[in-house]
Amino acid sequence: MEGDVLVIGGGPAGMETASRISDFNRNVILIEKERELGGHILKWDRLFPDGVPASDVNNNLKESLGTTKVLLGNYLISIEKREDYHFIAQLNSGEIIKCSTVVFATGFKLFPAQKKQEYGYGLYERVITNADLETRFKKGDGLGKESPKRIGFVHCVGSRDEKICNKQCSKLCCITAIKQAIELKQLYPDTEIYCFYMDLRMYGRGYEDLYLEAQLKYGIRFIRGRVSEISQDQSGLVIVKAEDTLSSRPLKITLDWVILMAGIISERENDFLTQQLSLQLGEDGFINSVDPIQKTNQTNISGVFVTGSATGPKTLPEVINEARSTALSVNEYLNRVKNG
């Protein structure tokens with residue numbers, strides 16, 4: 001199988017990149033290891049800051065793919081660059097793909113919360129992650145029919161934590177916690193909701209407004225301080241120990257549910273591919289751009305591009321915009337190769 005461009009990853013970044021490159025009448029092949037396109041957005045219910053259904057966004061992205069050849073349930077087992085400026089890739093199915101350019105849109109994965117053993121994820125039934133909660137929202141389950149008395153959100157689980165070698169900010173956790181806290185407050189108006197945070201980082205337009213709305217309209221309480229331990233009492237309720245760093249006082253509170261805001265980490269499953277192409281990785285495991293200001297979607301290897309969260313945590317609007325920029329860069333590169 002031959003194509004102009006091979007896009008690796010069928011999440012928002014990969015789909016938008018593929019569709020925009022197709023607009024230039026290029027032959028694009030998109031591979032996705034899962035049986036359905038969408039990546040993480042496929043598992044989400046509503047998106048911040050306006051509550052747009054994630055399924056609507058995903059459907060729009062799929063409908064715009066145009067002439068892109070999509071291979072689901074496929075992943076690369078090897079890839080190499082030839083001297084004739086072409087790449088040869090082999091899929092798990094045995095299919096061989098020859099292409100002129102490669103785009104890594106391999107995204108991210110969520111930090112496995114069970115690694116923070118002091119938080120009890122996987123041990124206590126009422127300790128769940130942001131992804132678990134979003135799945136409950138999507139199913140219409142919430143946290144059950146009975147209204148909980150108290151719910152706590154723990155920020156920065158697996159982010160900004162040197163002990164587990166994840167120093168980066170995940171960029172999405174603060175605003176996701178606020179979105180989910182408001183949704184729970186809408187479901188359970190009489191419930192007290194607490195957010196335990198280090199620093200609140202509101203990166204996008206409307207995010208700060210949502211934070212203020214959470215306090216003023218919904219009465220959500222924000223406590224600055226890292227949680228040190230989560231345990232469970234005999235009745236199954238969750239006990240959170242933390243320090244309120246603004247008052248310099250220890251805090252102990254009993255909650256019905258705790259939501260762990262699992263952070264974004266690099267998709268290390270693709271390390272063998274980056275090694276085969278000699279791509280440069282940062283110490284955080286994300287793919288390095290050749291220039292973090294003017295050439296954010298280009299790598300140290302000519303003809304290999306990177307887009308979306310493969311280079312680090314990003315909001316969905318940033319991912320979409322970067323994908324469009326990547327498509328332009330790929331098309332310009334193919335024109336240069338063609339013209340010698």
# chains A, B, ... in the order shown; residues from 1 in each chain; ligands from 1
>>> residues_around(residues="Ser78 in chain A", least_positions_apart="4", cutoff="12 Å", atoms="only C-alpha atoms", output="list of chain:residue names")
A:Phe87, A:Ile88, A:Ala89, A:Gln90, A:Leu91, A:Asn92, A:Ser93, A:Gly94, A:Glu95, A:Ile96, A:Ile97, A:Asn270, A:Asp271, A:Phe272, A:Leu273, A:Thr274, A:Gln275, A:Gln276, A:Leu277
>>> write_last_selection(atoms="C-alpha atoms", output="PDB file, in the first residue's frame")
ATOM      1  CA  PHE A  87       9.382   5.485   4.705  1.00  0.00           C
ATOM      2  CA  ILE A  88       8.542   1.789   4.903  1.00  0.00           C
ATOM      3  CA  ALA A  89       6.179   0.771   7.700  1.00  0.00           C
ATOM      4  CA  GLN A  90       4.898  -2.680   8.622  1.00  0.00           C
ATOM      5  CA  LEU A  91       1.556  -3.153  10.391  1.00  0.00           C
ATOM      6  CA  ASN A  92       0.531  -5.887  12.815  1.00  0.00           C
ATOM      7  CA  SER A  93      -1.674  -7.274  10.023  1.00  0.00           C
ATOM      8  CA  GLY A  94       1.403  -7.833   7.850  1.00  0.00           C
ATOM      9  CA  GLU A  95       0.485  -4.938   5.528  1.00  0.00           C
ATOM     10  CA  ILE A  96       3.443  -2.911   4.229  1.00  0.00           C
ATOM     11  CA  ILE A  97       2.964   0.832   3.746  1.00  0.00           C
ATOM     12  CA  ASN A 270       5.405   4.152  20.902  1.00  0.00           C
ATOM     13  CA  ASP A 271       8.960   4.393  22.231  1.00  0.00           C
ATOM     14  CA  PHE A 272      10.227   1.608  19.969  1.00  0.00           C
ATOM     15  CA  LEU A 273       8.969   3.525  16.907  1.00  0.00           C
ATOM     16  CA  THR A 274      10.649   6.755  17.938  1.00  0.00           C
ATOM     17  CA  GLN A 275      13.842   4.779  18.557  1.00  0.00           C
ATOM     18  CA  GLN A 276      13.715   3.206  15.094  1.00  0.00           C
ATOM     19  CA  LEU A 277      13.454   6.684  13.545  1.00  0.00           C
TER      20      LEU A 277
END
>>> select_by_dssp(residues="range 92-183 of chain A", states="helix (DSSP H, G or I)", output="ChimeraX atom specification")
/A:113-115,117-119,130-139,162-164,173-183
>>> closest_residue(among="A:Leu72, A:Leu255, A:Val102, A:Ala131", to="Arg46 in chain A", atoms="only C-alpha atoms")
A:Ala131
>>> closest_atom_pairs(of="range 14-87 of chain A", to="range 183-187 of chain A", cutoff="12 Å", atoms="only C-alpha atoms", output="JSON lines")
{"residue": "A:Asp45", "atom": "CA", "partner": "A:Glu183", "partner_atom": "CA", "distance": 11.0}
{"residue": "A:Arg46", "atom": "CA", "partner": "A:Glu183", "partner_atom": "CA", "distance": 9.7}
{"residue": "A:Leu47", "atom": "CA", "partner": "A:Glu183", "partner_atom": "CA", "distance": 11.3}
{"residue": "A:Phe48", "atom": "CA", "partner": "A:Glu183", "partner_atom": "CA", "distance": 10.9}
{"residue": "A:Pro49", "atom": "CA", "partner": "A:Glu183", "partner_atom": "CA", "distance": 11.7}
{"residue": "A:Asp50", "atom": "CA", "partner": "A:Glu183", "partner_atom": "CA", "distance": 11.7}
{"residue": "A:Gly51", "atom": "CA", "partner": "A:Glu183", "partner_atom": "CA", "distance": 9.5}
>>> residues_around(residues="Gly219 in chain A", least_positions_apart="3", cutoff="12 Å", atoms="only C-alpha atoms", output="ChimeraX atom specification")
/A:178,181-182,184-186,189-195,211-216,222
>>> write_last_selection(atoms="C-alpha atoms", output="mmCIF file, in the first residue's frame")
data_model
loop_
_atom_site.group_PDB
_atom_site.id
_atom_site.type_symbol
_atom_site.label_atom_id
_atom_site.label_comp_id
_atom_site.auth_asym_id
_atom_site.auth_seq_id
_atom_site.Cartn_x
_atom_site.Cartn_y
_atom_site.Cartn_z
ATOM 1 C CA ILE A 178 -14.286 22.349 37.959
ATOM 2 C CA ALA A 181 -17.724 19.441 40.195
ATOM 3 C CA ILE A 182 -20.382 21.683 38.654
ATOM 4 C CA LEU A 184 -22.168 16.834 40.257
ATOM 5 C CA LYS A 185 -23.593 19.892 41.972
ATOM 6 C CA GLN A 186 -26.284 20.056 39.299
ATOM 7 C CA PRO A 189 -27.734 20.324 44.727
ATOM 8 C CA ASP A 190 -27.471 19.663 48.481
ATOM 9 C CA THR A 191 -24.039 18.008 48.302
ATOM 10 C CA GLU A 192 -20.937 19.757 49.644
ATOM 11 C CA ILE A 193 -18.085 19.630 47.135
ATOM 12 C CA TYR A 194 -14.417 20.328 47.855
ATOM 13 C CA CYS A 195 -11.459 20.744 45.514
ATOM 14 C CA TYR A 211 -14.000 28.770 38.192
ATOM 15 C CA LEU A 212 -15.743 31.855 39.570
ATOM 16 C CA GLU A 213 -19.123 30.380 38.693
ATOM 17 C CA ALA A 214 -18.234 27.212 40.582
ATOM 18 C CA GLN A 215 -17.665 29.270 43.729
ATOM 19 C CA LEU A 216 -20.352 31.937 43.474
ATOM 20 C CA PHE A 222 -11.439 25.247 47.022
#
>>> closest_residue(among="A:Gln234, A:Lys139, A:Val258, A:Lys149", to="Phe196 in chain A", atoms="only C-alpha atoms")
A:Val258
>>> closest_residue(among="A:Ile264, A:Val304, A:Met198, A:Leu133", to="Leu6 in chain A", atoms="only C-alpha atoms")
A:Val304
>>> residues_around(residues="Ser248 in chain A", least_positions_apart="3", cutoff="12 Å", atoms="only C-alpha atoms", output="PDB file with C-alpha atoms, in the first residue's frame")
ATOM      1  CA  ILE A 223      -8.775  24.230  49.533  1.00  0.00           C
ATOM      2  CA  ARG A 224      -5.147  24.905  48.691  1.00  0.00           C
ATOM      3  CA  GLY A 225      -3.068  21.970  49.834  1.00  0.00           C
ATOM      4  CA  ARG A 226      -1.818  18.595  48.665  1.00  0.00           C
ATOM      5  CA  ALA A 242      -4.409  17.144  53.866  1.00  0.00           C
ATOM      6  CA  GLU A 243      -2.825  20.440  54.818  1.00  0.00           C
ATOM      7  CA  ASP A 244      -4.557  23.739  54.220  1.00  0.00           C
ATOM      8  CA  THR A 245      -1.449  25.646  53.141  1.00  0.00           C
ATOM      9  CA  LEU A 251      -7.120  19.032  57.763  1.00  0.00           C
TER      10      LEU A 251
END
>>> residues_around(residues="Lys43 in chain A", least_positions_apart="6", cutoff="9 Å", atoms="only C-alpha atoms", output="ChimeraX atom specification")
/A:54-55,131,134-135,138
>>> write_last_selection(atoms="C-alpha atoms", output="PDB file, in the first residue's frame")
ATOM      1  CA  ALA A  54     -17.939  15.113  23.110  1.00  0.00           C
ATOM      2  CA  SER A  55     -19.734  12.780  20.705  1.00  0.00           C
ATOM      3  CA  ALA A 131     -12.040   9.250  33.631  1.00  0.00           C
ATOM      4  CA  GLU A 134     -16.808  10.836  32.977  1.00  0.00           C
ATOM      5  CA  THR A 135     -17.804   7.286  32.042  1.00  0.00           C
ATOM      6  CA  LYS A 138     -21.854   9.236  29.801  1.00  0.00           C
TER       7      LYS A 138
END
>>> residues_around(residues="Asn25 in chain A", least_positions_apart="4", cutoff="12 Å", atoms="only C-alpha atoms", output="ChimeraX atom specification")
/A:3-5,18-21,66-68,327,331,334
>>> closest_residue(among="A:Val227, A:Asp132, A:Leu279, A:Pro12", to="Asn300 in chain A", atoms="only C-alpha atoms")
A:Leu279
>>> atom_distance(atom1="CA of Ser22 in chain A", atom2="CA of Phe104 in chain A")
16.4 Å
>>> select_by_dssp(residues="range 119-322 of chain A", states="strand (DSSP E or B)", output="ChimeraX atom specification")
/A:127-129,142,144,150-157,161,166,192-197,221-224,227-232,238-244,249-255,257-262,264-266,281,287,291,295,298,304-306
>>> residues_around(residues="range 307-310 of chain A", least_positions_apart="6", cutoff="8 Å", atoms="only C-alpha atoms", output="PyMOL selection string")
chain A and resi 13-14+103-108+266-267+286-287+297+318-320+322-323+326
>>> write_last_selection(atoms="N, CA and C atoms", output="CSV table (one decimal), in the first residue's frame")
chain,number,residue,atom,x,y,z
A,13,ALA,N,-6.3,14.8,17.1
A,13,ALA,CA,-5.2,15.3,16.3
A,13,ALA,C,-5.0,14.6,15.0
A,14,GLY,N,-5.0,13.3,15.1
A,14,GLY,CA,-4.8,12.5,13.9
A,14,GLY,C,-5.9,12.7,12.8
A,103,VAL,N,3.3,11.3,10.2
A,103,VAL,CA,2.9,12.2,11.3
A,103,VAL,C,2.5,11.4,12.5
A,104,PHE,N,3.2,11.7,13.6
A,104,PHE,CA,2.9,11.1,14.9
A,104,PHE,C,1.8,11.9,15.6
A,105,ALA,N,0.6,11.3,15.7
A,105,ALA,CA,-0.5,11.9,16.4
A,105,ALA,C,-0.9,10.9,17.5
A,106,THR,N,0.1,10.5,18.2
A,106,THR,CA,-0.1,9.3,19.1
A,106,THR,C,-0.7,9.7,20.5
A,107,GLY,N,-0.8,11.0,20.7
A,107,GLY,CA,-1.6,11.4,21.9
A,107,GLY,C,-0.9,11.2,23.2
A,108,PHE,N,-1.7,10.8,24.2
A,108,PHE,CA,-1.2,10.7,25.6
A,108,PHE,C,-1.9,9.5,26.2
A,266,SER,N,3.1,10.7,28.9
A,266,SER,CA,3.4,10.3,27.5
A,266,SER,C,2.9,8.9,27.2
A,267,GLU,N,2.6,8.7,25.9
A,267,GLU,CA,2.2,7.4,25.4
A,267,GLU,C,3.5,6.6,25.1
A,286,PHE,N,7.7,12.8,26.1
A,286,PHE,CA,7.0,13.3,24.9
A,286,PHE,C,8.0,13.6,23.8
A,287,ILE,N,7.5,13.6,22.6
A,287,ILE,CA,8.4,13.8,21.4
A,287,ILE,C,8.8,15.3,21.4
A,297,ASN,N,5.7,21.5,15.0
A,297,ASN,CA,5.2,20.2,14.5
A,297,ASN,C,6.3,19.5,13.7
A,318,GLU,N,-6.4,23.6,21.2
A,318,GLU,CA,-5.0,23.7,20.8
A,318,GLU,C,-4.6,22.5,19.9
A,319,VAL,N,-5.1,21.4,20.3
A,319,VAL,CA,-4.9,20.2,19.5
A,319,VAL,C,-5.4,20.3,18.0
A,320,ILE,N,-6.6,20.8,17.9
A,320,ILE,CA,-7.2,21.0,16.6
A,320,ILE,C,-6.5,22.0,15.8
A,322,GLU,N,-3.3,23.0,16.1
A,322,GLU,CA,-2.0,22.5,15.8
A,322,GLU,C,-2.1,21.5,14.7
A,323,ALA,N,-3.1,20.7,14.6
A,323,ALA,CA,-3.3,19.7,13.6
A,323,ALA,C,-3.4,20.4,12.2
A,326,THR,N,-0.1,21.5,11.2
A,326,THR,CA,0.7,20.4,10.8
A,326,THR,C,0.4,20.0,9.3
